[in-house]
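Source file: data29.txt. Holds: compact mmCIF, C-alpha atoms.
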```
# COMPACT_ATOMS: atom_id res chain seq x y z
CA MET A 1128 109.27 50.51 314.70
CA LYS A 1129 110.68 48.41 311.85
CA LYS A 1130 114.43 47.94 311.47
CA PHE A 1131 115.95 47.00 308.11
CA ILE A 1132 119.51 45.69 308.10
CA CYS A 1133 121.23 46.18 304.76
CA GLU A 1134 124.57 45.48 303.10
CA ILE A 1135 126.27 47.29 300.25
CA PRO A 1136 129.82 47.40 298.83
CA GLU A 1137 131.88 50.03 300.61
CA ASP A 1138 132.52 52.02 297.43
CA LYS A 1139 128.76 52.34 296.82
CA PHE A 1140 127.74 53.33 300.35
CA GLU A 1141 128.15 57.09 299.94
CA ILE A 1142 126.17 56.98 296.70
CA PHE A 1143 123.43 55.19 298.63
CA LEU A 1144 123.43 57.96 301.25
CA VAL A 1145 122.90 60.62 298.61
CA GLU A 1146 120.20 58.58 296.86
CA PHE A 1147 118.54 58.17 300.26
CA ASN A 1148 118.55 61.96 300.62
CA GLY A 1149 120.79 61.92 303.69
CA TYR A 1150 118.26 59.89 305.71
CA GLY A 1151 119.81 58.83 309.02
CA VAL A 1152 121.48 55.41 309.05
CA GLU A 1153 123.14 53.40 311.79
CA VAL A 1154 126.41 51.86 310.61
CA LEU A 1155 126.80 48.41 312.15
CA GLU A 1156 129.96 47.13 310.44
CA ARG A 1157 132.29 48.72 307.92
CA ASP A 1158 135.51 47.57 306.27
CA ASN A 1159 137.24 48.01 302.92
CA GLN A 1160 134.80 45.63 301.24
CA ASN A 1161 131.30 46.12 302.61
CA VAL A 1162 129.13 48.25 304.86
CA LYS A 1163 126.37 46.75 306.97
CA PHE A 1164 123.91 49.34 308.24
CA ALA A 1165 120.43 49.71 309.68
CA VAL A 1166 117.62 52.08 308.77
CA TYR A 1167 114.32 52.50 310.57
CA THR A 1168 110.73 53.35 309.79
CA GLU A 1169 107.34 53.25 311.47
CA LYS A 1170 105.49 49.92 311.32
CA GLU A 1171 102.66 51.28 309.21
CA GLU A 1172 105.10 52.49 306.57
CA GLU A 1173 107.30 49.41 306.28
CA ILE A 1174 105.96 48.24 302.89
CA PRO A 1175 106.62 51.47 300.91
CA PHE A 1176 109.85 51.93 302.87
CA ARG A 1177 111.08 48.47 301.83
CA GLU A 1178 110.08 49.16 298.23
CA GLY A 1179 111.99 52.45 298.32
CA LEU A 1180 115.12 50.75 299.63
CA ASN A 1181 114.98 48.10 296.93
CA CYS A 1182 114.50 50.74 294.23
CA ILE A 1183 117.64 52.55 295.36
CA PHE A 1184 119.64 49.33 295.40
CA GLU A 1185 118.35 48.56 291.91
CA ASP A 1186 119.34 52.03 290.65
CA ILE A 1187 122.83 51.68 292.12
CA GLY A 1188 123.17 48.09 290.91
CA GLU A 1189 124.42 46.93 294.31
CA GLY A 1190 123.14 46.39 297.84
CA LYS A 1191 120.38 44.40 299.50
CA ILE A 1192 118.24 44.00 302.61
CA VAL A 1193 119.63 41.11 304.64
CA ASP A 1194 117.33 41.13 307.66
CA GLU A 1195 114.28 42.79 309.18
CA GLU A 1196 113.01 43.06 312.74
CA TYR A 1197 110.69 45.07 314.95
CA VAL A 1198 112.30 47.18 317.67
CA GLU A 1199 111.12 49.56 320.37
CA ASP A 1200 110.85 53.15 319.21
CA ARG A 1201 113.20 54.40 321.91
CA ILE A 1202 116.18 52.39 320.63
CA TRP A 1203 116.84 54.51 317.55
CA GLU A 1204 116.54 57.75 319.48
CA GLU A 1205 118.96 56.57 322.16
CA VAL A 1206 121.47 55.41 319.55
CA TRP A 1207 121.52 58.92 318.07
CA LYS A 1208 121.91 60.56 321.47
CA GLU A 1209 124.91 58.37 322.17
CA ASP A 1210 126.58 58.78 318.79
CA PHE A 1211 125.73 62.28 317.59
CA LYS A 1212 128.47 64.80 318.27
CA PRO A 1213 128.44 68.51 317.35
CA ILE A 1214 129.67 69.09 313.80
CA LYS A 1215 131.71 72.20 313.12
CA VAL A 1216 131.39 73.67 309.63
CA PRO A 1217 132.59 77.26 310.11
CA PRO A 1218 130.86 79.53 310.72
CA PHE A 1219 128.26 76.98 311.82
CA ILE A 1220 128.10 74.33 314.48
CA ILE A 1221 125.42 71.65 314.06
CA ILE A 1222 124.03 70.37 317.34
CA PRO A 1223 121.19 68.01 318.32
CA GLU A 1224 117.98 69.65 319.46
CA TRP A 1225 118.50 68.73 323.11
CA GLU A 1226 121.79 70.67 323.39
CA ILE A 1227 122.34 74.37 324.05
CA TYR A 1228 125.32 76.14 322.50
CA LYS A 1229 126.73 78.71 324.91
CA GLY A 1230 129.70 79.93 322.91
CA ASP A 1231 129.97 82.80 320.45
CA GLU A 1232 132.53 81.40 318.00
CA PHE A 1233 129.98 79.57 315.84
CA ILE A 1234 126.42 80.03 314.64
CA PRO A 1235 124.41 77.10 316.05
CA ILE A 1236 122.01 75.09 313.91
CA LYS A 1237 119.83 72.68 315.87
CA ILE A 1238 118.79 69.49 314.12
CA LYS A 1239 116.22 66.95 315.23
CA VAL A 1240 118.15 63.72 315.00
CA GLY A 1241 116.81 60.23 314.64
CA MET A 1242 114.47 59.69 311.71
CA SER A 1243 115.92 62.61 309.82
CA PHE A 1244 116.68 63.51 306.22
CA GLY A 1245 120.22 64.77 306.69
CA THR A 1246 121.96 65.85 309.86
CA GLY A 1247 124.87 67.75 308.35
CA MET A 1248 127.26 64.82 308.53
CA HIS A 1249 127.50 64.29 304.80
CA ALA A 1250 130.23 66.04 302.81
CA THR A 1251 127.75 67.47 300.31
CA THR A 1252 125.86 69.35 303.03
CA GLN A 1253 129.06 70.57 304.65
CA LEU A 1254 130.32 71.93 301.35
CA VAL A 1255 127.24 74.12 300.88
CA LEU A 1256 127.28 75.30 304.48
CA SER A 1257 130.90 76.37 304.08
CA LEU A 1258 130.01 78.41 300.97
CA LEU A 1259 126.98 80.21 302.38
CA PRO A 1260 128.78 83.03 304.25
CA LYS A 1261 130.48 84.20 301.06
CA TYR A 1262 127.34 84.33 298.93
CA ILE A 1263 124.43 85.02 301.28
CA LYS A 1264 124.10 88.72 302.02
CA GLU A 1265 121.81 90.61 304.37
CA GLY A 1266 118.32 90.83 302.89
CA ASN A 1267 118.83 88.17 300.19
CA THR A 1268 116.01 85.90 299.09
CA VAL A 1269 116.94 82.21 299.03
CA LEU A 1270 115.43 79.02 297.62
CA ASP A 1271 116.64 75.55 298.71
CA VAL A 1272 115.64 72.83 296.24
CA GLY A 1273 115.45 69.34 297.75
CA CYS A 1274 115.76 70.73 301.26
CA GLY A 1275 115.69 67.56 303.38
CA THR A 1276 115.89 68.71 307.01
CA GLY A 1277 116.05 72.34 305.93
CA ILE A 1278 119.54 72.74 307.37
CA LEU A 1279 120.81 74.83 304.43
CA GLY A 1280 117.83 77.16 304.49
CA ILE A 1281 118.18 77.57 308.24
CA GLY A 1282 121.84 78.46 307.77
CA ALA A 1283 120.96 81.00 305.09
CA PHE A 1284 118.36 82.68 307.31
CA LYS A 1285 120.80 82.90 310.21
CA LEU A 1286 123.24 84.67 307.90
CA GLY A 1287 120.69 87.42 307.27
CA ALA A 1288 118.50 86.25 304.39
CA SER A 1289 115.16 88.06 304.50
CA LYS A 1290 113.16 85.29 302.82
CA VAL A 1291 113.95 81.58 302.66
CA ASP A 1292 111.75 79.10 300.84
CA THR A 1293 112.54 75.40 300.77
CA VAL A 1294 110.94 72.66 298.69
CA ASP A 1295 111.08 68.88 298.70
CA ILE A 1296 109.01 66.14 297.10
CA ASP A 1297 109.13 64.01 300.25
CA GLU A 1298 106.46 64.70 302.86
CA LYS A 1299 108.62 63.38 305.71
CA ALA A 1300 111.44 65.72 304.74
CA ILE A 1301 109.05 68.67 304.90
CA GLU A 1302 107.86 67.59 308.34
CA GLU A 1303 111.49 67.50 309.50
CA CYS A 1304 112.16 70.89 307.90
CA LYS A 1305 109.27 72.49 309.78
CA ILE A 1306 110.39 71.00 313.09
CA ASN A 1307 113.95 72.20 312.60
CA ALA A 1308 112.83 75.68 311.58
CA TRP A 1309 110.83 75.86 314.81
CA GLU A 1310 113.77 74.54 316.87
CA ASN A 1311 116.00 77.26 315.40
CA GLU A 1312 113.37 80.01 315.68
CA VAL A 1313 113.72 80.99 312.03
CA LYS A 1314 111.16 81.93 309.41
CA VAL A 1315 111.88 79.28 306.80
CA GLN A 1316 108.98 78.21 304.60
CA CYS A 1317 109.00 74.43 304.01
CA LYS A 1318 106.92 73.51 300.98
CA LEU A 1319 105.92 70.09 299.67
CA GLY A 1320 106.35 69.94 295.89
CA SER A 1321 108.81 70.02 293.02
CA ILE A 1322 110.88 72.74 291.39
CA GLU A 1323 108.31 72.86 288.59
CA GLN A 1324 105.76 74.26 291.05
CA ILE A 1325 107.98 77.10 292.25
CA GLU A 1326 107.29 80.62 291.01
CA GLY A 1327 109.45 83.71 291.08
CA VAL A 1328 113.16 84.47 291.12
CA TYR A 1329 115.47 84.39 294.15
CA ASP A 1330 118.83 86.03 294.75
CA VAL A 1331 120.39 82.67 295.61
CA VAL A 1332 119.29 79.11 294.83
CA LEU A 1333 120.74 76.12 296.70
CA ALA A 1334 120.54 72.65 295.18
CA ASN A 1335 122.18 69.69 296.93
CA LEU A 1336 120.87 66.92 294.66
CA GLN A 1337 121.86 63.81 292.74
CA ILE A 1338 123.17 64.08 289.20
CA ASP A 1339 120.12 62.32 287.75
CA ILE A 1340 117.90 65.09 289.14
CA PHE A 1341 120.11 67.76 287.61
CA ARG A 1342 119.91 65.95 284.27
CA LYS A 1343 116.14 66.28 284.34
CA TYR A 1344 115.55 69.61 286.06
CA PHE A 1345 118.66 71.74 285.55
CA LYS A 1346 116.89 74.25 283.28
CA ASP A 1347 114.02 74.56 285.77
CA ILE A 1348 116.45 75.25 288.62
CA VAL A 1349 118.49 77.78 286.66
CA LYS A 1350 115.56 80.04 285.83
CA HIS A 1351 114.87 80.74 289.52
CA PHE A 1352 118.16 82.42 290.51
CA ASP A 1353 119.36 85.94 289.87
CA LYS A 1354 122.76 86.22 291.59
CA TYR A 1355 124.17 82.83 292.58
CA LEU A 1356 123.40 79.15 292.11
CA ILE A 1357 125.12 76.86 294.62
CA ILE A 1358 125.17 73.21 293.62
CA SER A 1359 126.31 70.13 295.53
CA GLY A 1360 125.77 66.36 295.54
CA ILE A 1361 128.14 65.70 292.63
CA PHE A 1362 130.39 62.68 293.06
CA LYS A 1363 133.76 62.02 291.44
CA ASN A 1364 133.43 61.75 287.64
CA GLU A 1365 129.97 63.39 287.60
CA LYS A 1366 131.78 66.73 287.78
CA ASP A 1367 132.33 67.02 284.01
CA GLU A 1368 128.69 66.28 283.24
CA LEU A 1369 127.49 68.94 285.67
CA LEU A 1370 129.87 71.53 284.21
CA LYS A 1371 128.60 70.71 280.74
CA LEU A 1372 125.01 71.30 281.87
CA ALA A 1373 126.09 74.67 283.24
CA GLU A 1374 127.83 75.60 280.01
CA GLU A 1375 124.77 74.65 277.97
CA ASN A 1376 122.74 77.03 280.14
CA ASN A 1377 125.25 79.89 279.77
CA LEU A 1378 126.34 79.87 283.41
CA LYS A 1379 129.72 81.12 284.60
CA LEU A 1380 131.60 79.05 287.19
CA ILE A 1381 132.98 81.31 289.92
CA GLU A 1382 133.93 78.77 292.59
CA HIS A 1383 134.48 75.04 292.92
CA LYS A 1384 135.10 73.18 296.18
CA SER A 1385 135.57 69.49 296.84
CA LYS A 1386 135.67 67.33 299.94
CA PRO A 1387 136.53 63.65 300.39
CA GLU A 1388 133.93 61.46 301.99
CA SER A 1389 136.52 60.10 304.41
CA GLU A 1390 140.21 60.34 305.25
CA GLU A 1391 140.60 56.71 304.24
CA LYS A 1392 139.58 57.47 300.64
CA PRO A 1393 140.81 60.97 299.77
CA GLU A 1394 140.35 60.25 296.06
CA ASP A 1395 136.57 59.82 296.48
CA LEU A 1396 135.63 63.46 296.17
CA TRP A 1397 132.27 65.18 296.42
CA HIS A 1398 132.01 68.44 294.49
CA SER A 1399 130.20 71.71 295.01
CA PHE A 1400 129.97 74.64 292.57
CA VAL A 1401 128.91 78.27 292.56
CA PHE A 1402 127.59 79.76 289.30
CA GLU A 1403 126.38 83.12 288.16
CA LYS A 1404 124.65 84.17 284.94
```
Same coordinates, now as structure tokens:
Amino acid sequence: MKKFICEIPEDKFEIFLVEFNGYGVEVLERDNQNVKFAVYTEKEEEIPFREGLNCIFEDIGEGKIVDEEYVEDRIWEEVWKEDFKPIKVPPFIIIPEWEIYKGDEFIPIKIKVGMSFGTGMHATTQLVLSLLPKYIKEGNTVLDVGCGTGILGIGAFKLGASKVDTVDIDEKAIEECKINAWENEVKVQCKLGSIEQIEGVYDVVLANLQIDIFRKYFKDIVKHFDKYLIISGIFKNEKDELLKLAEENNLKLIEHKSKPESEEKPEDLWHSFVFEK
């Protein structure tokens, strides 16, 4: 396995995480100035992986790869087993696939951790999970655009949705989605493709994406929901731009929630919205 050690200014790190689609990272050092972290990929994929990292750093305008090395495959898995703790996002509790939840207070969502596209740790994912119980009703049809691990779709199915389709342009994300659907024993369809390839209308559409994707595909996303559109992935000052896109598409805002990335920086808010037509 190939390990890439990277550095980025602390105030750009959360933007990197969203750009990287929630892909698991190992934080090595973090202070008020910089974050040093490691990401991993298989040896045969190191060239496109490196190119992808550099493209993200170029888009952000900050960050770089500072070192590379080969490591044993088991190291990354063991790091996750040591560090991953259950995450409570009522009514859900997110647990690693090797754990069994024996309580009845929360709805468990099992996630394969390690080389994963989102484990529920990021504020944007938690915001959507917290909104699902209010807007997902028994028998609803649901579409998750840019599904990553499929965690949102899994949550929707466990709340009673009768049909859940998820879509992502990244093949690895779809592989993770299928594994997690199997781990949770849910019927969630994980499809490789873009929103432009989706047909039909769903009761609820979930979209935890970056603002640049909304700029390009907002109209395509909007035409696929009938009752509610739940949006997340919007950081700080991007809020006004997203609301303008909604207004231009004649959507009505019915709920807005925000969550800071960390207690240390309460002003750095991530935003989530619920719209109806």
Using only C-alpha atoms: which of A:Lys1285, A:Lys1354, A:Lys1318, A:Arg1342 has the shortest distance to A:Ala1300: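 The closest residue to A:Ala1300 is A:Lys1318.
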Need the axis-aligned box for stretch 1314-1318 of chain A with 6 Å each side, so what are the centre and edges in Å to one decimal, as JSON?
```
{"center_x": 109.4, "center_y": 77.7, "center_z": 305.2, "size_x": 17.0, "size_y": 20.4, "size_z": 20.4}
```
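What separates atom CA of A:Ile1357 from atom CA of A:Asn1335 is a distance of 8.1 Å.
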Which neighbours of A:Glu1302 fall inside 10 Å, counting only C-alpha atoms, when residues of the same chain fewer than 3 positions from it are skipped, and could you give them as a list in words? Ser1243, Phe1244, Gly1275, Thr1276, Gly1277, Asp1297, Glu1298, Lys1299, Lys1305, Ile1306, Asn1307, Cys1317, Lys1318 and Leu1319 of chain A
Point-to-point distance in Å for atom CA of A:Leu1286 and atom CA of A:Phe1233: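 Atom-to-atom, atom CA of A:Phe1233 to atom CA of A:Leu1286, that is 11.6 Å.
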With only C-alpha atoms counted, which protein, DNA or RNA residues have an atom no more than 7 Å from (125.9, 73.9, 295.8) in the file frame? Please answer as a PyMOL selection string. chain A and resi 1255+1333-1335+1356-1359+1399-1401
Pairwise distance, atom CA of A:His1383 with atom CA of A:Gly1287, equals 23.4 Å
So which residues touch A:Glu1326 within 9 Å, counting only C-alpha atoms, skipping near sequence neighbours fewer than 3 positions away, as a ChimeraX atom specification? /A:1322-1323,1351
Write the residues of the selection above to a file with C-alpha atoms, as a PDB file, in the frame of the given file.
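Produced file again06.pdb, reproduced below:
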```
ATOM      1  CA  ILE A1322     110.880  72.740 291.390  1.00  0.00           C
ATOM      2  CA  GLU A1323     108.310  72.860 288.590  1.00  0.00           C
ATOM      3  CA  HIS A1351     114.870  80.740 289.520  1.00  0.00           C
TER       4      HIS A1351
END
```
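Near A:Gly1188, within 12 Å and counting all atoms listed in the file, sit Ile1135, Pro1136, Lys1139, Phe1140, Ile1142, Phe1143, Asn1181, Cys1182, Ile1183, Phe1184, Glu1185 and Lys1191 of chain A, not including residues fewer than 3 positions from it in the same chain.
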As a compact mmCIF listing (two decimals) with C-alpha atoms, in the frame of the given file, please: the residues near A:Phe1362 (cut-off 7 Å, all atoms listed in the file, same-chain neighbours under 3 positions excluded).
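Saved the output as part_34.txt:
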```txt
# COMPACT_ATOMS: atom_id res chain seq x y z
CA GLU A 1365 129.97 63.39 287.60
CA LYS A 1366 131.78 66.73 287.78
CA LEU A 1396 135.63 63.46 296.17
CA TRP A 1397 132.27 65.18 296.42
CA HIS A 1398 132.01 68.44 294.49
```
Could you name the residues that touch stretch 1371-1375 of chain A at 8 Å or less, counting all atoms listed in the file, but leaving out those on the same chain fewer than 4 positions away, as a list in words?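 The residues that qualify are Arg1342, Phe1345, Asp1367 and Lys1379 of chain A.
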Got a sec to check which residues sit within 10 Å of (123.5, 86.6, 305.0), counting all atoms listed in the file, and write them as a ChimeraX atom specification? /A:1259-1269,1282-1289
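Of the listed residues A:Gln1160, A:Ile1132, A:Val1193, A:Lys1384, the one whose atoms come nearest to A:Leu1256 is A:Lys1384, with distances taken using all atoms listed in the file.
Of the residues under consideration (A:Val1216, A:Val1291, A:Val1272, A:Ile1174), A:Val1272 shows the shortest atom-to-atom contact distance to A:Val1349 when counting all atoms listed in the file.
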